[in-house]
$ cat upload-v1.txt   # compact mmCIF, C-alpha atoms
# COMPACT_ATOMS: atom_id res chain seq x y z
CA MET G 24 -11.06 15.91 -24.22
CA THR G 25 -8.96 15.52 -27.35
CA GLY G 26 -6.25 13.04 -28.22
CA ALA G 27 -3.65 15.75 -27.65
CA ASP G 28 -4.94 16.24 -24.09
CA ALA G 29 -4.66 12.51 -23.42
CA ALA G 30 -1.15 12.57 -24.89
CA HIS G 31 -0.24 15.43 -22.55
CA ILE G 32 -1.24 13.22 -19.60
CA ALA G 33 0.60 10.20 -21.02
CA MET G 34 3.79 12.30 -21.20
CA GLY G 35 3.90 11.83 -17.42
CA ILE G 36 4.62 8.12 -17.86
CA PRO G 37 8.45 8.49 -17.99
CA MET G 38 8.36 10.49 -14.74
CA THR G 39 6.15 7.89 -13.02
CA LEU G 40 8.39 5.07 -14.24
CA GLY G 41 11.57 6.95 -13.29
CA LEU G 42 10.33 7.66 -9.77
CA THR G 43 9.16 4.06 -9.30
CA ALA G 44 12.34 2.51 -10.72
CA GLY G 45 14.58 4.87 -8.74
CA ALA G 46 12.79 4.24 -5.45
CA PHE G 47 12.72 0.49 -6.09
CA ALA G 48 16.46 0.49 -6.90
CA ILE G 49 17.23 2.36 -3.66
CA GLY G 50 14.95 0.03 -1.71
CA SER G 51 16.38 -3.17 -3.22
CA VAL G 52 19.95 -2.14 -2.40
CA LEU G 53 19.33 -0.63 1.07
CA GLY G 54 16.86 -3.37 1.94
CA PHE G 55 19.62 -5.95 2.11
CA PRO G 56 21.72 -4.41 4.91
CA VAL G 57 18.46 -3.52 6.73
CA MET G 58 17.42 -7.18 6.53
CA LEU G 59 20.84 -8.31 7.82
CA ALA G 60 20.61 -5.84 10.73
CA ARG G 61 17.02 -6.97 11.38
CA SER G 62 18.17 -10.59 11.78
CA THR G 63 21.45 -9.98 13.63
CA GLY G 64 22.22 -11.83 16.82
CA PHE G 65 23.20 -8.54 18.50
CA LEU G 66 20.03 -7.78 20.45
CA PRO G 67 20.18 -3.94 20.81
CA LEU G 68 20.72 -3.49 17.05
CA ARG G 69 17.93 -5.94 16.23
CA VAL G 70 15.45 -4.19 18.55
CA ALA G 71 16.44 -0.77 17.14
CA VAL G 72 15.95 -1.95 13.55
CA ILE G 73 12.60 -3.59 14.37
CA ALA G 74 11.48 -0.28 15.92
CA VAL G 75 12.62 1.74 12.90
CA ILE G 76 10.87 -0.63 10.46
CA ALA G 77 7.64 -0.46 12.50
CA PHE G 78 7.85 3.34 12.62
CA VAL G 79 8.55 3.82 8.89
CA ARG G 80 5.64 1.54 8.02
CA ALA G 81 3.27 3.16 10.52
CA LEU G 82 3.25 6.56 8.82
CA PRO G 83 1.39 6.86 5.50
CA PRO G 84 3.59 7.56 2.44
CA ILE G 85 2.14 11.06 1.95
CA LEU G 86 3.42 12.00 5.40
CA TRP G 87 6.97 10.87 4.57
CA VAL G 88 6.84 12.83 1.32
CA PHE G 89 5.68 15.95 3.20
CA LEU G 90 8.15 15.48 6.08
CA ILE G 91 11.04 15.36 3.64
CA TYR G 92 9.84 18.00 1.19
CA PHE G 93 8.22 20.57 3.52
CA GLY G 94 9.69 19.50 6.88
CA LEU G 95 13.36 19.17 5.99
CA GLY G 96 12.92 21.54 3.05
CA SER G 97 11.84 24.49 5.16
CA GLY G 98 14.94 24.59 7.33
CA LEU G 99 17.71 22.23 6.46
CA LEU G 100 17.85 21.05 2.89
CA ASN G 101 16.48 22.54 -0.26
CA LEU G 102 15.31 19.52 -2.21
CA SER G 103 13.60 19.49 -5.59
CA PRO G 104 10.16 17.81 -5.52
CA PHE G 105 11.52 14.83 -7.48
CA VAL G 106 14.49 14.26 -5.15
CA ALA G 107 12.25 14.63 -2.08
CA ALA G 108 9.74 12.12 -3.44
CA LEU G 109 12.54 9.75 -4.46
CA SER G 110 14.05 9.87 -0.94
CA ALA G 111 10.68 9.30 0.71
CA PHE G 112 9.73 6.34 -1.48
CA GLY G 113 13.30 5.00 -1.36
CA LEU G 114 13.10 4.96 2.46
CA ILE G 115 9.70 3.24 2.44
CA ALA G 116 10.85 0.75 -0.20
CA ALA G 117 13.99 -0.09 1.82
CA VAL G 118 12.06 -1.27 4.89
CA ASN G 119 9.48 -3.12 2.84
CA MET G 120 12.12 -4.83 0.70
CA ALA G 121 13.98 -5.78 3.89
CA GLU G 122 10.84 -7.60 5.08
CA ILE G 123 10.46 -9.30 1.68
CA TYR G 124 14.12 -10.41 1.75
CA ARG G 125 13.65 -11.68 5.28
CA GLY G 126 10.68 -13.76 4.14
CA GLY G 127 12.96 -15.21 1.46
CA MET G 128 15.71 -15.94 3.95
CA LEU G 129 13.35 -17.59 6.46
CA SER G 130 12.14 -19.90 3.70
CA ILE G 131 15.64 -21.41 3.34
CA SER G 132 15.89 -24.54 5.47
CA SER G 133 18.52 -24.47 8.20
CA GLY G 134 20.21 -27.50 6.65
CA GLN G 135 21.49 -25.20 3.90
CA TRP G 136 23.38 -23.05 6.42
CA GLU G 137 24.80 -26.11 8.10
CA ALA G 138 25.82 -27.64 4.75
CA ALA G 139 27.58 -24.42 3.72
CA ARG G 140 29.50 -24.44 6.99
CA ALA G 141 30.34 -28.12 6.68
CA LEU G 142 31.79 -27.40 3.23
CA ASN G 143 33.86 -24.58 4.82
CA LEU G 144 32.45 -21.99 2.43
CA SER G 145 33.35 -18.39 3.25
CA ARG G 146 30.58 -16.06 4.48
CA VAL G 147 30.58 -14.19 1.18
CA SER G 148 30.39 -17.39 -0.81
CA THR G 149 27.61 -18.72 1.43
CA TRP G 150 25.54 -15.65 0.59
CA THR G 151 26.33 -15.25 -3.09
CA ASP G 152 26.35 -18.91 -4.08
CA ILE G 153 23.82 -20.48 -1.73
CA MET G 154 21.46 -18.04 -0.06
CA ILE G 155 20.87 -15.22 -2.55
CA PRO G 156 19.96 -17.49 -5.51
CA GLN G 157 17.39 -19.32 -3.35
CA MET G 158 16.09 -16.13 -1.72
CA THR G 159 15.57 -14.50 -5.13
CA ARG G 160 13.16 -17.22 -6.21
CA VAL G 161 11.03 -16.82 -3.09
CA ALA G 162 11.28 -13.02 -2.97
CA LEU G 163 10.49 -12.41 -6.63
CA PRO G 164 6.67 -12.66 -6.60
CA PRO G 165 6.22 -10.40 -3.53
CA SER G 166 8.78 -7.95 -5.00
CA ALA G 167 6.78 -7.72 -8.22
CA THR G 168 3.58 -7.12 -6.25
CA TYR G 169 5.45 -4.51 -4.26
CA VAL G 170 6.83 -2.65 -7.27
CA ILE G 171 3.31 -2.38 -8.72
CA GLY G 172 2.09 -1.02 -5.38
CA LEU G 173 5.02 1.39 -5.29
CA MET G 174 4.11 2.69 -8.73
CA LYS G 175 0.57 3.42 -7.55
CA ASP G 176 1.90 5.10 -4.39
CA SER G 177 4.17 7.25 -6.56
CA ALA G 178 0.99 9.14 -7.57
CA ILE G 179 1.34 10.83 -4.16
CA ALA G 180 4.36 12.72 -5.54
CA SER G 181 1.84 14.79 -7.53
CA THR G 182 0.86 16.55 -4.29
CA ILE G 183 4.29 18.22 -4.10
CA GLY G 184 4.37 19.03 -7.80
CA VAL G 185 6.30 16.20 -9.44
CA THR G 186 4.96 16.31 -13.00
CA GLU G 187 4.06 12.63 -13.27
CA LEU G 188 0.80 10.99 -14.42
CA ALA G 189 -1.51 12.03 -11.57
CA TYR G 190 -0.16 15.62 -11.63
CA ARG G 191 -0.75 15.97 -15.34
CA GLY G 192 -4.20 14.42 -15.00
CA LYS G 193 -5.21 16.99 -12.40
CA GLN G 194 -3.70 19.78 -14.52
CA MET G 195 -5.69 18.61 -17.55
CA SER G 196 -8.91 18.36 -15.51
CA GLN G 197 -8.46 22.00 -14.49
CA ILE G 198 -7.71 23.16 -18.04
CA THR G 199 -10.49 21.28 -19.85
CA PHE G 200 -13.07 21.05 -17.00
CA GLU G 201 -13.48 17.40 -17.96
CA GLY G 202 -12.29 15.73 -14.79
CA LEU G 203 -14.09 12.50 -15.55
CA SER G 204 -12.14 11.68 -18.70
CA ALA G 205 -8.87 13.20 -17.46
CA PHE G 206 -8.72 11.01 -14.33
CA ALA G 207 -10.01 8.01 -16.31
CA VAL G 208 -7.03 8.39 -18.67
CA VAL G 209 -4.70 8.53 -15.66
CA GLY G 210 -6.26 5.39 -14.17
CA VAL G 211 -6.00 3.52 -17.48
CA CYS G 212 -2.31 4.54 -17.78
CA TYR G 213 -1.53 3.08 -14.33
CA ILE G 214 -3.39 -0.15 -15.07
CA ALA G 215 -1.66 -0.43 -18.46
CA LEU G 216 1.76 0.12 -16.85
CA SER G 217 1.22 -2.55 -14.21
CA LEU G 218 0.27 -5.28 -16.72
CA PRO G 219 3.77 -5.74 -18.27
CA VAL G 220 5.39 -5.75 -14.81
CA ALA G 221 3.06 -8.53 -13.70
CA TRP G 222 3.78 -10.43 -16.92
CA ILE G 223 7.59 -10.09 -16.65
CA ALA G 224 7.45 -11.22 -13.01
CA ARG G 225 5.38 -14.29 -13.87
CA THR G 226 7.71 -15.27 -16.72
CA ALA G 227 10.84 -14.71 -14.64
CA GLU G 228 9.41 -16.73 -11.77
CA LYS G 229 8.57 -19.62 -14.12
CA LYS G 230 12.12 -19.60 -15.53
CA LEU G 231 13.71 -19.49 -12.10
CA ARG G 232 11.50 -22.32 -10.89
CA ALA G 233 12.21 -24.40 -13.99
CA LYS G 234 15.92 -24.24 -13.10
CA VAL G 235 15.39 -26.09 -9.83
CA ALA G 236 12.48 -28.28 -10.90
CA ARG G 237 13.27 -31.97 -10.91
CA MET E 18 19.81 20.37 13.56
CA ILE E 19 16.80 19.51 15.72
CA GLU E 20 16.49 23.19 16.72
CA THR E 21 16.37 24.25 13.06
CA LEU E 22 13.65 21.70 12.41
CA LEU E 23 11.57 22.57 15.45
CA MET E 24 11.78 26.32 14.63
CA GLY E 25 11.26 27.36 18.22
CA VAL E 26 7.88 25.68 18.53
CA THR E 27 7.04 25.19 22.20
CA TRP E 28 4.86 22.64 23.96
CA ALA E 29 2.29 25.42 24.46
CA ASP E 30 2.06 25.86 20.67
CA VAL E 31 1.54 22.15 20.18
CA LYS E 32 -1.20 22.18 22.82
CA THR E 33 -3.14 24.81 20.87
CA TRP E 34 -2.96 22.58 17.76
CA LEU E 35 -4.17 19.42 19.47
CA PRO E 36 -7.95 20.05 19.30
CA GLY E 37 -7.68 20.54 15.53
CA PHE E 38 -5.59 17.40 15.15
CA TRP E 39 -8.03 15.47 17.30
CA ASN E 40 -10.96 16.48 15.07
CA GLY E 41 -8.93 15.49 12.00
CA PHE E 42 -8.12 12.18 13.68
CA LEU E 43 -11.84 11.55 14.31
CA ILE E 44 -12.60 12.23 10.63
CA SER E 45 -9.92 9.70 9.62
CA LEU E 46 -11.35 7.12 12.05
CA LYS E 47 -14.90 7.71 10.86
CA LEU E 48 -13.81 7.34 7.24
CA THR E 49 -11.93 4.12 8.05
CA PHE E 50 -15.02 2.75 9.81
CA VAL E 51 -17.36 3.61 6.90
CA SER E 52 -14.91 2.19 4.34
CA LEU E 53 -14.61 -1.09 6.20
CA VAL E 54 -18.28 -1.50 7.13
CA LEU E 55 -19.42 -0.93 3.54
CA GLY E 56 -16.27 -2.08 1.73
CA VAL E 57 -15.77 -5.54 3.26
CA PRO E 58 -19.32 -6.78 2.48
CA MET E 59 -18.82 -5.33 -1.01
CA GLY E 60 -15.59 -7.31 -1.21
CA LEU E 61 -17.50 -10.46 -0.26
CA LEU E 62 -20.08 -9.81 -2.99
CA LEU E 63 -17.33 -9.13 -5.53
CA ALA E 64 -15.46 -12.28 -4.48
CA LEU E 65 -18.62 -14.34 -5.09
CA GLY E 66 -19.40 -12.29 -8.22
CA VAL E 67 -16.13 -13.07 -10.01
CA GLN E 68 -16.92 -16.76 -9.60
CA ALA E 69 -20.56 -16.38 -10.68
CA LYS E 70 -21.98 -18.52 -13.46
CA THR E 71 -23.45 -15.65 -15.52
CA ARG E 72 -20.86 -14.07 -17.78
CA ALA E 73 -22.24 -10.52 -17.45
CA SER E 74 -22.02 -10.42 -13.65
CA ARG E 75 -18.61 -12.10 -13.73
CA LEU E 76 -17.20 -9.49 -16.11
CA THR E 77 -18.76 -6.55 -14.24
CA CYS E 78 -17.31 -7.72 -10.93
CA LEU E 79 -13.92 -8.41 -12.52
CA ALA E 80 -13.84 -4.89 -14.02
CA LEU E 81 -14.77 -3.32 -10.66
CA VAL E 82 -12.04 -5.32 -8.90
CA GLU E 83 -9.32 -4.70 -11.48
CA ILE E 84 -10.00 -0.94 -11.66
CA GLY E 85 -10.20 -0.71 -7.87
CA ARG E 86 -6.88 -2.50 -7.46
CA GLY E 87 -5.14 -1.16 -10.53
CA ALA E 88 -5.73 2.58 -10.21
CA PRO E 89 -4.01 4.45 -7.34
CA ALA E 90 -6.37 5.37 -4.48
CA LEU E 91 -5.34 9.01 -4.90
CA VAL E 92 -6.50 9.01 -8.52
CA MET E 93 -9.79 7.31 -7.56
CA LEU E 94 -10.41 9.97 -4.90
CA GLN E 95 -9.82 12.73 -7.43
CA PHE E 96 -11.92 10.89 -10.03
CA VAL E 97 -14.89 10.81 -7.66
CA TYR E 98 -14.41 14.31 -6.20
CA TYR E 99 -13.22 16.32 -9.22
CA GLY E 100 -14.37 14.03 -12.03
CA LEU E 101 -17.96 13.05 -11.25
CA PRO E 102 -19.18 16.69 -11.15
CA SER E 103 -18.58 16.85 -14.91
CA ALA E 104 -21.12 14.01 -15.17
CA GLY E 105 -23.55 16.01 -13.03
CA ILE E 106 -22.84 14.24 -9.72
CA SER E 107 -21.34 16.56 -7.10
CA LEU E 108 -20.52 14.92 -3.79
CA PRO E 109 -19.31 16.57 -0.59
CA ALA E 110 -15.68 15.76 0.30
CA PHE E 111 -16.50 13.15 2.97
CA THR E 112 -19.00 11.28 0.80
CA ALA E 113 -16.63 11.37 -2.18
CA ALA E 114 -13.83 10.03 0.01
CA ALA E 115 -16.11 7.29 1.36
CA VAL E 116 -17.18 6.24 -2.16
CA ALA E 117 -13.59 6.06 -3.45
CA LEU E 118 -12.18 4.31 -0.38
CA CYS E 119 -15.10 1.82 -0.28
CA TRP E 120 -14.43 0.93 -3.89
CA ASN E 121 -10.75 0.52 -3.12
CA THR E 122 -11.49 -1.55 0.01
CA GLY E 123 -14.05 -3.69 -1.81
CA ALA E 124 -11.60 -4.47 -4.62
CA TYR E 125 -8.74 -5.44 -2.33
CA THR E 126 -10.79 -7.36 0.23
CA SER E 127 -12.50 -9.32 -2.56
CA GLU E 128 -9.09 -10.77 -3.44
CA ILE E 129 -8.35 -11.52 0.23
CA ILE E 130 -11.73 -13.23 0.68
CA ARG E 131 -11.36 -15.13 -2.61
CA ALA E 132 -7.97 -16.42 -1.46
CA GLY E 133 -9.63 -17.51 1.81
CA LEU E 134 -12.38 -19.36 -0.04
CA ASP E 135 -9.84 -20.98 -2.39
CA ALA E 136 -7.86 -22.24 0.61
CA ILE E 137 -10.75 -24.46 1.73
CA PRO E 138 -10.03 -28.12 0.79
CA ALA E 139 -12.02 -29.20 -2.28
CA GLY E 140 -13.51 -32.08 -0.28
CA GLN E 141 -15.62 -29.62 1.72
CA LYS E 142 -17.35 -28.43 -1.42
CA GLU E 143 -17.84 -31.96 -2.70
CA ALA E 144 -19.24 -33.03 0.66
CA ALA E 145 -21.71 -30.11 0.60
CA GLU E 146 -22.83 -31.20 -2.87
CA ALA E 147 -23.10 -34.82 -1.78
CA LEU E 148 -25.35 -33.70 1.07
CA ASN E 149 -27.49 -31.94 -1.54
CA LEU E 150 -27.12 -28.55 0.14
CA SER E 151 -28.45 -25.65 -1.91
CA ARG E 152 -25.87 -23.13 -3.20
CA VAL E 153 -26.92 -20.65 -0.47
CA ASP E 154 -26.71 -23.22 2.32
CA GLU E 155 -23.37 -24.44 1.01
CA LEU E 156 -22.01 -20.88 1.26
CA ARG E 157 -23.65 -20.11 4.57
CA PHE E 158 -22.85 -23.27 6.50
CA VAL E 159 -19.76 -24.67 4.79
CA LEU E 160 -17.70 -22.24 2.72
CA LEU E 161 -18.08 -18.80 4.34
CA PRO E 162 -17.44 -19.82 7.98
CA GLN E 163 -14.18 -21.50 6.96
CA GLY E 164 -13.08 -19.07 4.24
CA LEU E 165 -13.71 -15.92 6.28
CA ARG E 166 -11.82 -17.35 9.25
CA ILE E 167 -8.79 -17.84 7.01
CA ALA E 168 -9.17 -14.29 5.66
CA VAL E 169 -9.46 -12.53 9.04
CA PRO E 170 -5.73 -11.83 9.71
CA ALA E 171 -5.22 -10.43 6.19
CA LEU E 172 -8.38 -8.32 6.52
CA MET E 173 -7.11 -6.92 9.82
CA GLY E 174 -3.80 -6.03 8.19
CA PHE E 175 -5.67 -4.35 5.37
CA SER E 176 -7.71 -2.21 7.80
CA ILE E 177 -4.45 -0.58 8.93
CA LEU E 178 -3.77 0.33 5.30
CA VAL E 179 -7.28 1.78 4.99
CA PHE E 180 -6.62 4.00 8.01
CA GLN E 181 -3.34 5.14 6.47
CA GLY E 182 -5.13 5.62 3.15
CA THR E 183 -7.45 8.24 4.65
CA SER E 184 -4.39 10.53 4.63
CA LEU E 185 -4.80 10.78 0.83
CA CYS E 186 -7.99 12.79 1.38
CA PHE E 187 -5.64 15.73 1.80
CA ALA E 188 -5.86 15.92 -2.00
CA ILE E 189 -9.62 16.58 -1.93
CA ALA E 190 -9.49 19.12 0.90
CA LEU E 191 -11.09 16.90 3.56
CA PRO E 192 -9.84 18.27 6.90
CA GLU E 193 -8.20 15.04 8.18
CA ILE E 194 -4.91 14.82 10.08
CA ILE E 195 -2.50 15.59 7.23
CA SER E 196 -4.60 18.57 6.03
CA ARG E 197 -4.52 20.00 9.56
CA ALA E 198 -0.73 19.65 9.71
CA TYR E 199 -0.36 21.17 6.25
CA ASP E 200 -2.57 24.13 7.21
CA ILE E 201 -0.51 24.84 10.33
CA GLY E 202 2.63 24.46 8.24
CA SER E 203 1.56 26.85 5.52
CA MET E 204 0.13 29.39 7.98
CA TYR E 205 3.07 29.67 10.40
CA PHE E 206 5.72 27.83 8.37
CA PHE E 207 6.00 25.25 11.19
CA TYR E 208 5.97 22.38 8.70
CA PHE E 209 8.24 19.94 10.49
CA PRO E 210 6.71 20.16 14.00
CA ALA E 211 3.14 20.04 12.67
CA LEU E 212 3.87 17.06 10.41
CA ALA E 213 5.70 15.33 13.26
CA VAL E 214 2.63 15.65 15.50
CA ALA E 215 0.51 14.21 12.68
CA GLY E 216 3.03 11.36 12.48
CA LEU E 217 2.59 10.64 16.19
CA PHE E 218 -1.15 10.16 15.68
CA PHE E 219 -0.50 7.60 12.96
CA ALA E 220 2.29 5.88 14.91
CA ALA E 221 0.09 5.66 18.02
CA VAL E 222 -2.57 3.75 16.09
CA CYS E 223 -0.61 1.81 13.49
CA ILE E 224 2.33 0.47 15.53
CA PRO E 225 0.20 -1.26 18.23
CA ALA E 226 -2.29 -2.36 15.56
CA SER E 227 0.39 -3.97 13.42
CA PHE E 228 1.88 -5.85 16.38
CA LEU E 229 -1.64 -7.00 17.24
CA VAL E 230 -2.16 -8.26 13.68
CA GLU E 231 1.19 -10.05 13.79
CA TRP E 232 0.27 -11.76 17.04
CA PHE E 233 -3.12 -12.69 15.60
CA GLU E 234 -1.52 -14.12 12.45
CA HIS E 235 0.82 -16.13 14.61
CA ARG E 236 -2.06 -17.45 16.67
CA ALA E 237 -4.16 -18.27 13.60
CA GLY E 238 -1.18 -20.14 12.16
CA ALA E 239 -0.73 -22.10 15.40
CA TYR E 240 -3.56 -24.44 14.40
CA SER E 241 -1.82 -25.51 11.19
CA ARG E 242 1.57 -25.74 12.88
CA ARG E 243 0.46 -28.45 15.28

$ encode --input "upload-v1.txt" --output "structure tokens"
Amino acid sequence: MTGADAAHIAMGIPMTLGLTAGAFAIGSVLGFPVMLARSTGFLPLRVAVIAVIAFVRALPPILWVFLIYFGLGSGLLNLSPFVAALSAFGLIAAVNMAEIYRGGMLSISSGQWEAARALNLSRVSTWTDIMIPQMTRVALPPSATYVIGLMKDSAIASTIGVTELAYRGKQMSQITFEGLSAFAVVGVCYIALSLPVAWIARTAEKKLRAKVAR
Amino acid sequence: MIETLLMGVTWADVKTWLPGFWNGFLISLKLTFVSLVLGVPMGLLLALGVQAKTRASRLTCLALVEIGRGAPALVMLQFVYYGLPSAGISLPAFTAAAVALCWNTGAYTSEIIRAGLDAIPAGQKEAAEALNLSRVDELRFVLLPQGLRIAVPALMGFSILVFQGTSLCFAIALPEIISRAYDIGSMYFFYFPALAVAGLFFAAVCIPASFLVEWFEHRAGAYSRR
């Protein structure tokens, strides 16, 4: 396996990062309303959301990718592999981020809610000025762990032909008949990509903690 | 919309698929069992190995753990199944899957077990030393019984992920549940109904299991909440 072959595999990095970042962005945004619905006082909605979260998490990611790409794709919608994978991982990320946000919210002591009410803060202000800043600090480490996991799961998109790292690795193993080095290069790429994410998360967490440290 | 998705598949069709799905389900269960039975003890050894005194064994264990956690399980499966033959080792699909998933399980559970051991108060270790217990006795009578008990809920949660992870063996042509659904889909074009049946198998196992784990976590936490 030559350097050019390894470079061909590494050209899948932007696709892997794009898929991961896109799915994480969808999940971070959709996760918030899902979390609110999950903790609502309106019982039927809460039960329905709990059921949906349990169901989405019960099926393995590859099944969601297939259901959207082959299942919906063969009758209803004609989705490109990338869009199908993005929707599947976005859906999975939304329920998982909702659970991470909920963990952050549960960590806020009830006195904070009562204080916000006593100060007659509006609902919006209570969230944006009191709850979200505190939730972010608690939710950041699990979110970073999750985004690294999401990146590794994004390898599943190779099974429907998204030309990311794992896809190019398999392609190269079939061209050169050197599967050992081809898949080793893929593995090293994933490990190398997850290191900076872990580092950024650690630094950001330290900075956020320093703000409230007394 | 539902009619378009179901493509006129009847209950009778689904019934003819069920034996195939059941066999795929058994393969997934068998693979989960093998991965856990071999992987968790490996995780214990790796957890002890990364804290070992000799540098060589510490580094080897650390490398095994970091590769096992850092590389996607799908890539590890393909590495073992499609990669090792170029080094002269050809494994059948099930064995290859078991090797890759055991490695993956060992790497993840080693971190869970290490966290369990780290959660034991330092006084326990000091007390064991003060009693002049040997390293083995200290592990066997003091550290492992407490550390493993702390790790049990997380290990149970991880077993659900191992079961879900067997679905990746689709990529190495092991006839588990997803492969069966895909075959029916590509043969008759009944993708959605076949994949939906596969989904029911996963939901039937994973939903009750995850509620069980949640209940267990709650119960395990009850001791510290008192």

$ interface_residues --input "upload-v1.txt" --of "chain G" --to "chain E" --cutoff "6 Å" --atoms "all atoms listed in the file" --output "PyMOL selection string"
chain G and resi 81-83+93-94+98+175+201-203+206+210+213-214

$ closest_residue --input "upload-v1.txt" --among "E:Ala132, E:Leu53, E:Val153, E:Val31" --to "Ser176 of chain E" --atoms "all atoms listed in the file"
E:Leu53

$ atom_distance --input "upload-v1.txt" --atom1 "atom CA of Gly50 of chain G" --atom2 "atom CA of Asn119 of chain G"
7.8 Å

$ atom_distance --input "upload-v1.txt" --atom1 "atom CA of Leu229 of chain E" --atom2 "atom CA of Phe175 of chain E"
12.8 Å

$ residues_around --input "upload-v1.txt" --residues "Phe47 of chain G" --least-positions-apart "4" --cutoff "10 Å" --atoms "all atoms listed in the file" --output "list in words"
Gly41, Leu42, Thr43, Ser51, Val52, Leu53, Gly54, Leu109, Phe112, Gly113, Leu114, Ile115, Ala116, Ala117, Met120, Ser166, Tyr169, Val170, Leu173 and Met174 of chain G

$ atom_distance --input "upload-v1.txt" --atom1 "atom CA of Cys212 of chain G" --atom2 "atom CA of Ala167 of chain G"
18.0 Å

$ residues_around --input "upload-v1.txt" --residues "Arg131 of chain E" --least-positions-apart "5" --cutoff "12 Å" --atoms "all atoms listed in the file" --output "list in words"
Gly60, Leu61, Leu62, Leu63, Ala64, Leu65, Gly66, Val67, Gln68, Val82, Gly123, Ala124, Tyr125, Thr126, Ala136, Ile137, Leu160, Leu161, Gln163, Gly164, Leu165, Ile167, Ala168, Ala171 and Leu172 of chain E
